[in-house]
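Text of the file data_22.txt, holding compact mmCIF, C-alpha atoms:
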# COMPACT_ATOMS: atom_id res chain seq x y z
CA MET A 45 0.00 0.00 0.00
CA MET A 46 2.83 2.30 0.97
CA SER A 47 4.59 2.12 -2.38
CA VAL A 48 1.57 3.31 -4.33
CA ALA A 49 2.12 6.99 -3.83
CA GLN A 50 -0.81 9.31 -3.95
CA GLY A 51 -0.18 12.02 -6.47
CA THR A 52 3.04 10.63 -7.89
CA GLN A 53 2.08 12.11 -11.24
CA ASP A 54 2.27 15.56 -9.66
CA LEU A 55 6.00 15.17 -9.02
CA LEU A 56 8.82 15.61 -11.51
CA LEU A 57 11.32 13.54 -9.53
CA ALA A 58 11.54 10.01 -10.94
CA GLU A 59 9.69 7.40 -8.95
CA ALA A 60 12.86 5.40 -8.26
CA ALA A 61 14.41 8.51 -6.72
CA GLN A 62 11.28 9.13 -4.65
CA ASP A 63 11.54 5.59 -3.34
CA LEU A 64 15.28 5.81 -2.67
CA LEU A 65 15.10 9.05 -0.71
CA PHE A 66 11.69 8.87 0.95
CA ARG A 67 9.29 6.00 0.52
CA GLU A 68 11.53 2.96 0.76
CA ALA A 69 14.36 4.48 2.78
CA ARG A 70 14.24 3.61 6.45
CA THR A 71 16.16 4.41 9.60
CA ALA A 72 18.61 1.52 10.09
CA ASN A 73 19.23 -0.01 13.49
CA THR A 74 21.88 -2.58 12.50
CA PHE A 75 24.66 -2.36 9.94
CA SER A 76 26.85 -4.75 7.96
CA ASP A 77 30.64 -4.67 8.36
CA GLU A 78 31.14 -3.14 4.95
CA PRO A 79 33.17 0.05 5.36
CA VAL A 80 32.01 3.48 4.20
CA SER A 81 34.75 5.26 2.28
CA GLU A 82 35.78 8.87 2.68
CA GLU A 83 35.01 9.33 -1.04
CA ARG A 84 31.41 8.35 -0.40
CA ILE A 85 31.01 10.96 2.32
CA GLN A 86 32.65 13.56 0.13
CA ALA A 87 30.20 12.75 -2.67
CA ILE A 88 27.33 13.19 -0.21
CA TYR A 89 28.66 16.52 1.00
CA ASP A 90 29.37 17.76 -2.52
CA LEU A 91 25.73 17.09 -3.36
CA VAL A 92 23.91 18.40 -0.30
CA LYS A 93 26.08 21.50 0.09
CA TRP A 94 24.00 23.09 -2.68
CA ALA A 95 20.76 23.07 -0.69
CA PRO A 96 19.85 26.49 0.70
CA THR A 97 20.55 28.21 4.02
CA SER A 98 19.63 31.78 4.94
CA MET A 99 22.27 34.18 3.68
CA ASN A 100 24.27 31.11 2.64
CA VAL A 101 25.47 30.73 6.24
CA GLN A 102 26.15 26.95 5.93
CA PRO A 103 26.78 26.33 9.63
CA LEU A 104 26.71 22.50 9.46
CA ARG A 105 29.92 20.78 10.51
CA VAL A 106 30.48 17.03 10.40
CA LEU A 107 32.82 15.02 12.59
CA LEU A 108 33.29 11.51 11.23
CA VAL A 109 33.99 9.01 13.98
CA ARG A 110 35.97 6.25 12.32
CA SER A 111 38.79 5.11 14.64
CA PRO A 112 38.20 2.67 17.52
CA GLU A 113 39.50 5.37 19.89
CA GLY A 114 37.08 7.95 18.55
CA ARG A 115 34.21 5.50 18.84
CA GLU A 116 35.07 4.73 22.48
CA ARG A 117 35.04 8.44 23.25
CA LEU A 118 31.62 8.79 21.65
CA LEU A 119 29.95 5.68 23.07
CA LYS A 120 30.07 6.84 26.66
CA HIS A 121 27.91 9.84 25.75
CA MET A 122 25.27 7.86 23.85
CA SER A 123 22.08 6.91 25.64
CA GLU A 124 21.99 3.25 26.54
CA GLY A 125 19.53 2.27 23.83
CA ASN A 126 21.78 3.76 21.13
CA ARG A 127 25.12 2.41 22.37
CA ALA A 128 25.26 -1.09 20.84
CA LYS A 129 24.19 0.01 17.38
CA THR A 130 26.64 2.92 17.44
CA ALA A 131 29.44 0.57 18.53
CA ALA A 132 28.68 -1.71 15.57
CA ALA A 133 28.17 0.87 12.80
CA PRO A 134 31.02 1.15 10.27
CA LEU A 135 30.90 4.93 10.45
CA THR A 136 29.23 7.46 12.71
CA ALA A 137 28.89 11.18 12.03
CA ILE A 138 28.43 13.83 14.69
CA LEU A 139 26.48 16.65 13.05
CA ALA A 140 27.07 20.01 14.69
CA ALA A 141 26.46 23.73 14.22
CA ASP A 142 29.42 26.09 13.91
CA VAL A 143 28.61 29.11 16.07
CA ASP A 144 31.29 31.12 14.25
CA PHE A 145 29.95 30.42 10.76
CA HIS A 146 29.93 34.16 10.13
CA GLU A 147 33.69 34.24 9.72
CA HIS A 148 33.19 32.60 6.31
CA LEU A 149 30.66 35.15 5.06
CA PRO A 150 33.19 37.44 3.30
CA THR A 151 33.85 34.57 0.87
CA GLN A 152 30.46 32.81 1.08
CA PHE A 153 28.14 35.82 0.74
CA PRO A 154 30.39 38.13 -1.28
CA HIS A 155 27.71 40.45 -2.65
CA VAL A 156 27.07 41.79 0.87
CA PRO A 157 30.60 42.63 1.99
CA ASN A 158 29.60 43.48 5.56
CA ALA A 159 27.34 40.44 6.11
CA LYS A 160 29.66 39.20 8.83
CA ASP A 161 28.81 42.25 10.92
CA PHE A 162 25.14 41.23 11.10
CA PHE A 163 26.20 38.48 13.49
CA THR A 164 28.16 40.23 16.19
CA ASP A 165 25.56 39.27 18.79
CA GLU A 166 26.54 35.80 19.96
CA GLU A 167 23.12 34.74 21.21
CA GLY A 168 21.49 35.54 17.88
CA ARG A 169 24.37 33.88 16.09
CA ILE A 170 23.94 30.63 18.03
CA GLU A 171 20.26 30.67 17.11
CA THR A 172 21.01 31.27 13.42
CA ALA A 173 23.67 28.55 13.49
CA ARG A 174 21.32 26.04 15.04
CA PHE A 175 18.36 26.93 12.81
CA ASN A 176 20.24 26.60 9.55
CA ALA A 177 22.38 23.65 10.60
CA LEU A 178 19.16 21.74 11.33
CA LEU A 179 17.94 22.38 7.78
CA GLN A 180 21.29 21.04 6.61
CA VAL A 181 20.96 18.01 8.89
CA GLY A 182 17.74 17.21 7.00
CA TYR A 183 19.56 17.59 3.68
CA PHE A 184 22.46 15.44 4.93
CA VAL A 185 20.22 12.55 6.01
CA LEU A 186 18.66 12.51 2.54
CA GLY A 187 22.17 12.74 1.05
CA VAL A 188 23.20 9.56 2.87
CA ARG A 189 20.24 7.85 1.26
CA ALA A 190 21.15 9.37 -2.12
CA ALA A 191 24.45 7.51 -1.79
CA GLY A 192 22.52 4.26 -1.41
CA LEU A 193 23.50 4.01 2.24
CA ALA A 194 21.30 3.71 5.29
CA ALA A 195 21.25 6.40 7.96
CA GLY A 196 20.47 5.86 11.61
CA PRO A 197 19.92 9.35 13.07
CA MET A 198 19.89 9.54 16.87
CA SER A 199 19.02 12.39 19.18
CA GLY A 200 19.48 10.20 22.28
CA PHE A 201 22.91 11.28 23.53
CA ASP A 202 24.39 13.69 26.04
CA ALA A 203 24.95 16.76 23.88
CA ASP A 204 26.96 18.63 26.53
CA GLY A 205 29.14 15.58 27.02
CA VAL A 206 29.75 15.23 23.28
CA ASN A 207 30.53 18.93 23.02
CA GLN A 208 33.09 18.79 25.83
CA GLU A 209 34.60 15.60 24.44
CA PHE A 210 34.95 16.62 20.80
CA PHE A 211 34.43 20.38 20.64
CA PRO A 212 36.11 21.71 23.80
CA ASP A 213 36.66 25.22 22.39
CA GLY A 214 32.89 25.78 22.36
CA ARG A 215 32.72 26.75 18.71
CA LYS A 216 30.62 23.76 17.64
CA LYS A 217 27.38 22.52 19.17
CA SER A 218 26.36 18.92 18.49
CA LEU A 219 22.87 18.41 17.09
CA LEU A 220 22.47 14.82 15.96
CA VAL A 221 24.54 11.64 15.78
CA VAL A 222 24.04 9.54 12.65
CA ASN A 223 25.19 5.98 12.05
CA ILE A 224 25.99 5.39 8.38
CA GLY A 225 26.44 2.14 6.50
CA ASN A 226 24.77 -0.71 4.74
CA PRO A 227 21.89 -2.24 6.64
CA GLY A 228 22.61 -5.42 8.59
CA GLU A 229 20.28 -8.19 9.74
CA ASN A 230 16.93 -7.11 11.12
CA ALA A 231 17.83 -3.49 10.46
CA TRP A 232 14.31 -2.13 10.43
CA PHE A 233 11.64 -1.60 13.05
CA ALA A 234 8.03 -1.72 11.90
CA ARG A 235 7.29 1.51 10.07
CA SER A 236 5.37 4.02 12.14
CA PRO A 237 2.46 5.80 10.47
CA ARG A 238 2.54 9.38 9.24
CA LEU A 239 0.10 12.21 9.82
CA ALA A 240 -2.43 12.70 7.04
CA TYR A 241 -2.25 15.76 4.80
CA GLU A 242 -5.38 17.16 6.43
CA GLN A 243 -3.72 16.99 9.85
CA VAL A 244 -0.71 18.98 8.70
CA VAL A 245 -1.74 21.42 5.97
CA GLU A 246 -4.33 24.20 6.15
CA THR A 247 -5.14 26.99 3.73
CA VAL A 248 -6.10 30.63 4.18
CA MET B 105 31.74 23.56 -14.06
CA MET B 106 29.04 23.21 -11.45
CA SER B 107 27.25 20.38 -13.23
CA VAL B 108 30.29 18.12 -13.28
CA ALA B 109 29.86 16.67 -9.83
CA GLN B 110 32.83 15.39 -7.98
CA GLY B 111 32.24 11.83 -6.95
CA THR B 112 28.93 11.40 -8.76
CA GLN B 113 29.82 7.75 -9.24
CA ASP B 114 29.73 7.34 -5.45
CA LEU B 115 26.01 8.16 -5.39
CA LEU B 116 23.14 5.84 -6.24
CA LEU B 117 20.66 8.65 -6.92
CA ALA B 118 20.36 9.28 -10.66
CA GLU B 119 22.23 12.31 -11.90
CA ALA B 120 19.05 13.99 -13.18
CA ALA B 121 17.58 13.70 -9.68
CA GLN B 122 20.77 15.10 -8.15
CA ASP B 123 20.49 18.07 -10.48
CA LEU B 124 16.77 18.58 -9.86
CA LEU B 125 17.06 18.57 -6.07
CA PHE B 126 20.48 20.03 -5.44
CA ARG B 127 22.84 21.11 -8.17
CA GLU B 128 20.57 22.94 -10.58
CA ALA B 129 17.81 23.91 -8.17
CA ARG B 130 18.00 27.50 -7.00
CA THR B 131 16.19 29.80 -4.63
CA ALA B 132 13.70 31.76 -6.78
CA ASN B 133 13.14 35.46 -6.29
CA THR B 134 10.45 35.98 -8.93
CA PHE B 135 7.60 33.72 -10.02
CA SER B 136 5.33 33.32 -13.04
CA ASP B 137 1.56 33.68 -12.68
CA GLU B 138 0.99 29.95 -13.15
CA PRO B 139 -0.98 28.70 -10.15
CA VAL B 140 0.19 25.89 -7.85
CA SER B 141 -2.58 23.36 -7.28
CA GLU B 142 -3.55 21.82 -3.97
CA GLU B 143 -2.86 18.40 -5.53
CA ARG B 144 0.73 19.41 -6.13
CA ILE B 145 1.24 20.37 -2.49
CA GLN B 146 -0.42 17.17 -1.37
CA ALA B 147 1.95 15.16 -3.58
CA ILE B 148 4.89 16.99 -2.00
CA TYR B 149 3.62 16.30 1.50
CA ASP B 150 2.85 12.66 0.75
CA LEU B 151 6.46 12.26 -0.34
CA VAL B 152 8.36 14.16 2.32
CA LYS B 153 6.25 12.90 5.22
CA TRP B 154 8.28 9.67 5.09
CA ALA B 155 11.56 11.34 6.03
CA PRO B 156 12.56 10.74 9.65
CA THR B 157 11.96 12.67 12.86
CA SER B 158 12.95 11.57 16.37
CA MET B 159 10.32 9.28 17.82
CA ASN B 160 8.25 10.02 14.71
CA VAL B 161 7.13 13.31 16.30
CA GLN B 162 6.39 15.02 12.92
CA PRO B 163 5.85 18.53 14.34
CA LEU B 164 5.86 20.38 10.98
CA ARG B 165 2.64 22.21 10.13
CA VAL B 166 2.02 24.08 6.89
CA LEU B 167 -0.28 27.03 6.37
CA LEU B 168 -0.83 27.71 2.67
CA VAL B 169 -1.50 31.37 1.99
CA ARG B 170 -3.55 31.41 -1.18
CA SER B 171 -6.32 34.03 -0.87
CA PRO B 172 -5.70 37.75 -1.45
CA GLU B 173 -6.92 38.39 2.11
CA GLY B 174 -4.49 35.84 3.55
CA ARG B 175 -1.65 37.34 1.55
CA GLU B 176 -2.43 40.85 2.80
CA ARG B 177 -2.34 39.58 6.37
CA LEU B 178 1.06 37.99 5.74
CA LEU B 179 2.71 40.80 3.81
CA LYS B 180 2.70 43.25 6.67
CA HIS B 181 4.88 40.89 8.72
CA MET B 182 7.44 40.26 5.97
CA SER B 183 10.66 42.24 6.02
CA GLU B 184 10.75 44.92 3.37
CA GLY B 185 13.11 43.08 1.06
CA ASN B 186 10.81 40.05 0.97
CA ARG B 187 7.50 41.86 0.55
CA ALA B 188 7.27 42.38 -3.23
CA LYS B 189 8.27 38.84 -4.12
CA THR B 190 5.86 37.39 -1.57
CA ALA B 191 3.07 39.59 -2.94
CA ALA B 192 3.74 38.25 -6.44
CA ALA B 193 4.20 34.54 -5.69
CA PRO B 194 1.29 32.29 -6.71
CA LEU B 195 1.45 30.44 -3.39
CA THR B 196 3.22 31.03 -0.09
CA ALA B 197 3.59 28.51 2.72
CA ILE B 198 4.14 29.39 6.35
CA LEU B 199 6.09 26.49 7.86
CA ALA B 200 5.57 26.13 11.59
CA ALA B 201 6.22 23.78 14.51
CA ASP B 202 3.28 22.32 16.43
CA VAL B 203 4.20 22.57 20.11
CA ASP B 204 1.51 20.01 20.93
CA PHE B 205 2.74 17.37 18.48
CA HIS B 206 2.81 14.88 21.36
CA GLU B 207 -0.98 14.54 21.28
CA HIS B 208 -0.57 12.49 18.10
CA LEU B 209 1.97 10.06 19.56
CA PRO B 210 -0.56 7.40 20.66
CA THR B 211 -1.32 6.84 16.96
CA GLN B 212 2.06 7.89 15.49
CA PHE B 213 4.40 5.99 17.83
CA PRO B 214 2.14 3.10 18.79
CA HIS B 215 4.83 0.67 19.99
CA VAL B 216 5.57 2.97 22.95
CA PRO B 217 2.07 3.54 24.33
CA ASN B 218 3.16 6.12 26.91
CA ALA B 219 5.38 8.14 24.54
CA LYS B 220 3.11 11.13 24.96
CA ASP B 221 4.07 11.32 28.64
CA PHE B 222 7.71 11.95 27.77
CA PHE B 223 6.68 15.43 26.70
CA THR B 224 4.80 16.85 29.65
CA ASP B 225 7.46 19.54 30.13
CA GLU B 226 6.45 22.38 27.81
CA GLU B 227 9.89 23.95 27.46
CA GLY B 228 11.44 20.65 26.37
CA ARG B 229 8.49 20.04 24.08
CA ILE B 230 8.93 23.39 22.32
CA GLU B 231 12.59 22.55 21.80
CA THR B 232 11.75 19.09 20.38
CA ALA B 233 9.07 20.61 18.17
CA ARG B 234 11.42 23.21 16.77
CA PHE B 235 14.33 20.80 16.31
CA ASN B 236 12.36 18.22 14.37
CA ALA B 237 10.22 20.69 12.44
CA LEU B 238 13.43 22.27 11.12
CA LEU B 239 14.58 18.89 9.80
CA GLN B 240 11.19 18.64 8.12
CA VAL B 241 11.54 22.16 6.71
CA GLY B 242 14.69 20.91 4.98
CA TYR B 243 12.79 17.91 3.61
CA PHE B 244 9.91 20.14 2.48
CA VAL B 245 12.13 22.54 0.53
CA LEU B 246 13.61 19.58 -1.34
CA GLY B 247 10.07 18.24 -1.85
CA VAL B 248 9.04 21.46 -3.58
CA ARG B 249 11.95 20.93 -5.93
CA ALA B 250 10.96 17.28 -6.39
CA ALA B 251 7.65 18.57 -7.74
CA GLY B 252 9.54 20.57 -10.35
CA LEU B 253 8.66 23.83 -8.62
CA ALA B 254 10.92 26.56 -7.35
CA ALA B 255 11.07 27.42 -3.66
CA GLY B 256 11.91 30.81 -2.24
CA PRO B 257 12.55 30.22 1.49
CA MET B 258 12.67 33.37 3.62
CA SER B 259 13.64 33.84 7.25
CA GLY B 260 13.23 37.61 7.01
CA PHE B 261 9.83 38.17 8.67
CA ASP B 262 8.45 39.08 12.07
CA ALA B 263 7.87 35.63 13.57
CA ASP B 264 5.96 36.94 16.59
CA GLY B 265 3.74 38.99 14.29
CA VAL B 266 3.04 35.99 12.05
CA ASN B 267 2.30 33.84 15.10
CA GLN B 268 -0.18 36.33 16.49
CA GLU B 269 -1.78 36.85 13.10
CA PHE B 270 -2.20 33.21 12.06
CA PHE B 271 -1.65 31.10 15.18
CA PRO B 272 -3.22 33.13 18.00
CA ASP B 273 -3.76 30.10 20.27
CA GLY B 274 0.01 29.73 20.65
CA ARG B 275 0.10 26.11 19.57
CA LYS B 276 2.14 26.72 16.41
CA LYS B 277 5.40 28.64 16.07
CA SER B 278 6.36 29.92 12.62
CA LEU B 279 9.81 28.96 11.39
CA LEU B 280 10.13 29.86 7.73
CA VAL B 281 8.02 31.40 4.97
CA VAL B 282 8.42 29.83 1.53
CA ASN B 283 7.22 31.19 -1.79
CA ILE B 284 6.33 28.38 -4.19
CA GLY B 285 5.80 28.48 -7.95
CA ASN B 286 7.40 28.43 -11.33
CA PRO B 287 10.31 30.82 -11.71
CA GLY B 288 9.58 34.16 -13.38
CA GLU B 289 11.91 36.53 -15.18
CA ASN B 290 15.31 37.12 -13.63
CA ALA B 291 14.43 34.66 -10.87
CA TRP B 292 17.97 33.89 -9.80
CA PHE B 293 20.70 35.80 -8.05
CA ALA B 294 24.28 34.83 -8.85
CA ARG B 295 25.00 31.58 -7.06
CA SER B 296 27.02 32.01 -3.89
CA PRO B 297 29.91 29.62 -3.31
CA ARG B 298 29.83 26.71 -0.89
CA LEU B 299 32.32 25.70 1.76
CA ALA B 300 34.78 23.03 0.66
CA TYR B 301 34.60 19.53 2.11
CA GLU B 302 37.79 20.15 4.09
CA GLN B 303 36.21 23.17 5.77
CA VAL B 304 33.20 21.20 6.94
CA VAL B 305 34.19 17.58 7.56
CA GLU B 306 36.80 16.25 9.97
CA THR B 307 37.61 12.71 11.06
CA VAL B 308 38.64 11.20 14.38
Structure re-expressed in structure tokens:
Amino acid sequence: MMSVAQGTQDLLLAEAAQDLLFREARTANTFSDEPVSEERIQAIYDLVKWAPTSMNVQPLRVLLVRSPEGRERLLKHMSEGNRAKTAAAPLTAILAADVDFHEHLPTQFPHVPNAKDFFTDEEGRIETARFNALLQVGYFVLGVRAAGLAAGPMSGFDADGVNQEFFPDGRKKSLLVVNIGNPGENAWFARSPRLAYEQVVETV
Amino acid sequence: MMSVAQGTQDLLLAEAAQDLLFREARTANTFSDEPVSEERIQAIYDLVKWAPTSMNVQPLRVLLVRSPEGRERLLKHMSEGNRAKTAAAPLTAILAADVDFHEHLPTQFPHVPNAKDFFTDEEGRIETARFNALLQVGYFVLGVRAAGLAAGPMSGFDADGVNQEFFPDGRKKSLLVVNIGNPGENAWFARSPRLAYEQVVETV
């Protein structure tokens, strides 16, 4: 039932791509041993970097946890229910917001030469960083799927602990931890339902 | 130069889909008069609803501003630079977070019957609503592109004003306003650069 999309004819995106990114993609809870290459992550980034952020701020930063030492440092901050699957994933990414994203604006938003000065207030800057990095987190998760890989996004971890462990200078704030790889055995939970259009969309 | 993707062979998503969603899609600043049907928006929602949120919370709510009266009510809260293009767009969506998303959890996260009780604290609930709705905003913007339409996302508006105008009961918090349609004349600004992989991704 799920694969017969309502209104597919109203979309330009090919049905196989719709399935790959949305309808058949699922959050993975186990992974195979197959490694995930650096080239694969670079291909994902070089695709999703084009999706929009306000004033091109691009605050998303990615820390790939690949070494056994790095993984040990991360595991102790994961909530218990996320620990075993994170220990077993071939690659785990910590997605974070760079609070000092504005330092890049002279090159990244060149047609407004003083754009950097809009962000002198740190509190507002943290909010802008978080807001736009979360949009980019959404893009990144779909990018992992675009690579034919499974993502296992997790918000169950001690964010302060992860920040102190990996970002001690305070410049980056962790948002989400994502396991990345090929799905293993029994990778999927039963799919939860989604809200109907009428529950989500209204018109004035 | 832009269309020759680095590492395209590392992605499973077809190149035309990569272009449609990411590489060739652009934020539109003018729109043609061609209307955007309700069916089109429903097709977008029925696609992007499958993308993940933590505990399937799905807090995103969409208010489509279609009537001249609705548009007048919105325009006065847009920042000056966004007013003319919002006045001229065939359809504008106010994307918001439902602070009371947890009321749907008994049906949306059925394998944890008491999931709703995890969100009795309103401050934490607002944070969860905002966090996950922003991921969904990212999915939605890509969904507009999947429909072959152009999106013009705008964060330049008075969020408190929009909330009081359209969501006076306080249950929904506006996040982003998005013009939706077919691009008009001179729709695109020059494309701003993107941060290089090495500026964004590190490995431990």
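Counting only C-alpha atoms and comparing B:Thr134, B:Gln122, B:Gln212, B:Thr157, the residue that lies closest to Gly182 (chain A) is B:Thr157.
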Which residue out of A:Thr71, A:Thr164, A:Thr136, A:Thr130 has the minimum interatomic distance to Met159 (chain B) when only C-alpha atoms are used?
->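 Smallest distance to Met159 (chain B) is found for A:Thr71.
You can rank B:Leu209, B:Ala191, B:Val281, B:Val161 by their closest distance to Phe235 (chain B) using all atoms listed in the file, and at the top of that list sits B:Val161.
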For Arg127 (chain A), please output as a list in words all residues within 12 Å (counting all atoms listed in the file; exclusion window: fewer than 4 positions along the same chain).
->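 Here the answer would be Asn73, Thr74, Arg115, Glu116, Arg117, Leu118, Leu119, Lys120, His121, Met122, Ser123, Ala131, Ala132, Ala133, Thr136, Met198, Gly200, Phe201, Asp202, Val221 and Asn223 of chain A.
For Tyr149 (chain B), the residues within 10 Å (counting all atoms listed in the file, excluding itself and residues fewer than 6 positions away along the chain) are A:Gln50, A:Gly51, A:Leu239, A:Ala240, A:Tyr241, A:Val244, A:Val245, B:Glu143, B:Val166, B:Tyr243, B:Phe244, B:Gly247, B:Val248.
In this model, the gap between CA of Asn226 (chain A) and CA of Arg84 (chain A) comes to 12.4 Å.
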Using only C-alpha atoms, the residue out of A:Gly228, A:Pro212, A:Pro157, A:Gly192 with shortest distance to chain B is A:Gly192
Complete the atoms of region 249-257 of chain B to all heavy atoms and put them out as a PDB file, keeping the file's coordinate frame.
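Result written to rebuild.pdb:
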ATOM      1  N   ARG B 249      11.116  21.132  -4.753  1.00  0.00           N
ATOM      2  CA  ARG B 249      11.950  20.930  -5.930  1.00  0.00           C
ATOM      3  C   ARG B 249      11.635  19.597  -6.615  1.00  0.00           C
ATOM      4  O   ARG B 249      11.686  19.504  -7.847  1.00  0.00           O
ATOM      5  CB  ARG B 249      13.412  20.979  -5.517  1.00  0.00           C
ATOM      6  CG  ARG B 249      13.822  22.365  -5.020  1.00  0.00           C
ATOM      7  CD  ARG B 249      15.173  22.332  -4.343  1.00  0.00           C
ATOM      8  NE  ARG B 249      15.730  23.665  -4.173  1.00  0.00           N
ATOM      9  CZ  ARG B 249      17.018  23.904  -3.910  1.00  0.00           C
ATOM     10  NH1 ARG B 249      17.855  22.879  -3.777  1.00  0.00           N
ATOM     11  NH2 ARG B 249      17.456  25.139  -3.780  1.00  0.00           N
ATOM     12  N   ALA B 250      11.324  18.587  -5.826  1.00  0.00           N
ATOM     13  CA  ALA B 250      10.960  17.280  -6.390  1.00  0.00           C
ATOM     14  C   ALA B 250       9.717  17.393  -7.256  1.00  0.00           C
ATOM     15  O   ALA B 250       9.517  16.607  -8.193  1.00  0.00           O
ATOM     16  CB  ALA B 250      10.742  16.263  -5.272  1.00  0.00           C
ATOM     17  N   ALA B 251       8.861  18.360  -6.938  1.00  0.00           N
ATOM     18  CA  ALA B 251       7.650  18.570  -7.740  1.00  0.00           C
ATOM     19  C   ALA B 251       7.943  19.381  -9.003  1.00  0.00           C
ATOM     20  O   ALA B 251       7.029  19.648  -9.782  1.00  0.00           O
ATOM     21  CB  ALA B 251       6.596  19.295  -6.892  1.00  0.00           C
ATOM     22  N   GLY B 252       9.188  19.771  -9.185  1.00  0.00           N
ATOM     23  CA  GLY B 252       9.540  20.570 -10.350  1.00  0.00           C
ATOM     24  C   GLY B 252       9.223  22.037 -10.161  1.00  0.00           C
ATOM     25  O   GLY B 252       9.223  22.806 -11.126  1.00  0.00           O
ATOM     26  N   LEU B 253       8.961  22.432  -8.932  1.00  0.00           N
ATOM     27  CA  LEU B 253       8.660  23.830  -8.620  1.00  0.00           C
ATOM     28  C   LEU B 253       9.880  24.496  -8.005  1.00  0.00           C
ATOM     29  O   LEU B 253      10.798  23.822  -7.523  1.00  0.00           O
ATOM     30  CB  LEU B 253       7.477  23.902  -7.650  1.00  0.00           C
ATOM     31  CG  LEU B 253       6.146  23.413  -8.222  1.00  0.00           C
ATOM     32  CD1 LEU B 253       5.132  23.193  -7.100  1.00  0.00           C
ATOM     33  CD2 LEU B 253       5.605  24.414  -9.248  1.00  0.00           C
ATOM     34  N   ALA B 254       9.850  25.805  -7.995  1.00  0.00           N
ATOM     35  CA  ALA B 254      10.920  26.560  -7.350  1.00  0.00           C
ATOM     36  C   ALA B 254      10.448  27.020  -5.973  1.00  0.00           C
ATOM     37  O   ALA B 254       9.281  27.401  -5.803  1.00  0.00           O
ATOM     38  CB  ALA B 254      11.308  27.761  -8.193  1.00  0.00           C
ATOM     39  N   ALA B 255      11.348  26.945  -5.012  1.00  0.00           N
ATOM     40  CA  ALA B 255      11.070  27.420  -3.660  1.00  0.00           C
ATOM     41  C   ALA B 255      11.847  28.705  -3.406  1.00  0.00           C
ATOM     42  O   ALA B 255      12.967  28.854  -3.884  1.00  0.00           O
ATOM     43  CB  ALA B 255      11.463  26.363  -2.630  1.00  0.00           C
ATOM     44  N   GLY B 256      11.225  29.595  -2.674  1.00  0.00           N
ATOM     45  CA  GLY B 256      11.910  30.810  -2.240  1.00  0.00           C
ATOM     46  C   GLY B 256      11.789  30.915  -0.725  1.00  0.00           C
ATOM     47  O   GLY B 256      10.894  31.595  -0.221  1.00  0.00           O
ATOM     48  N   PRO B 257      12.637  30.199   0.017  1.00  0.00           N
ATOM     49  CA  PRO B 257      12.550  30.220   1.490  1.00  0.00           C
ATOM     50  C   PRO B 257      13.028  31.561   2.037  1.00  0.00           C
ATOM     51  O   PRO B 257      14.019  32.108   1.561  1.00  0.00           O
ATOM     52  CB  PRO B 257      13.511  29.102   1.926  1.00  0.00           C
ATOM     53  CG  PRO B 257      14.084  28.492   0.674  1.00  0.00           C
ATOM     54  CD  PRO B 257      13.776  29.400  -0.465  1.00  0.00           C
TER      55      PRO B 257
END
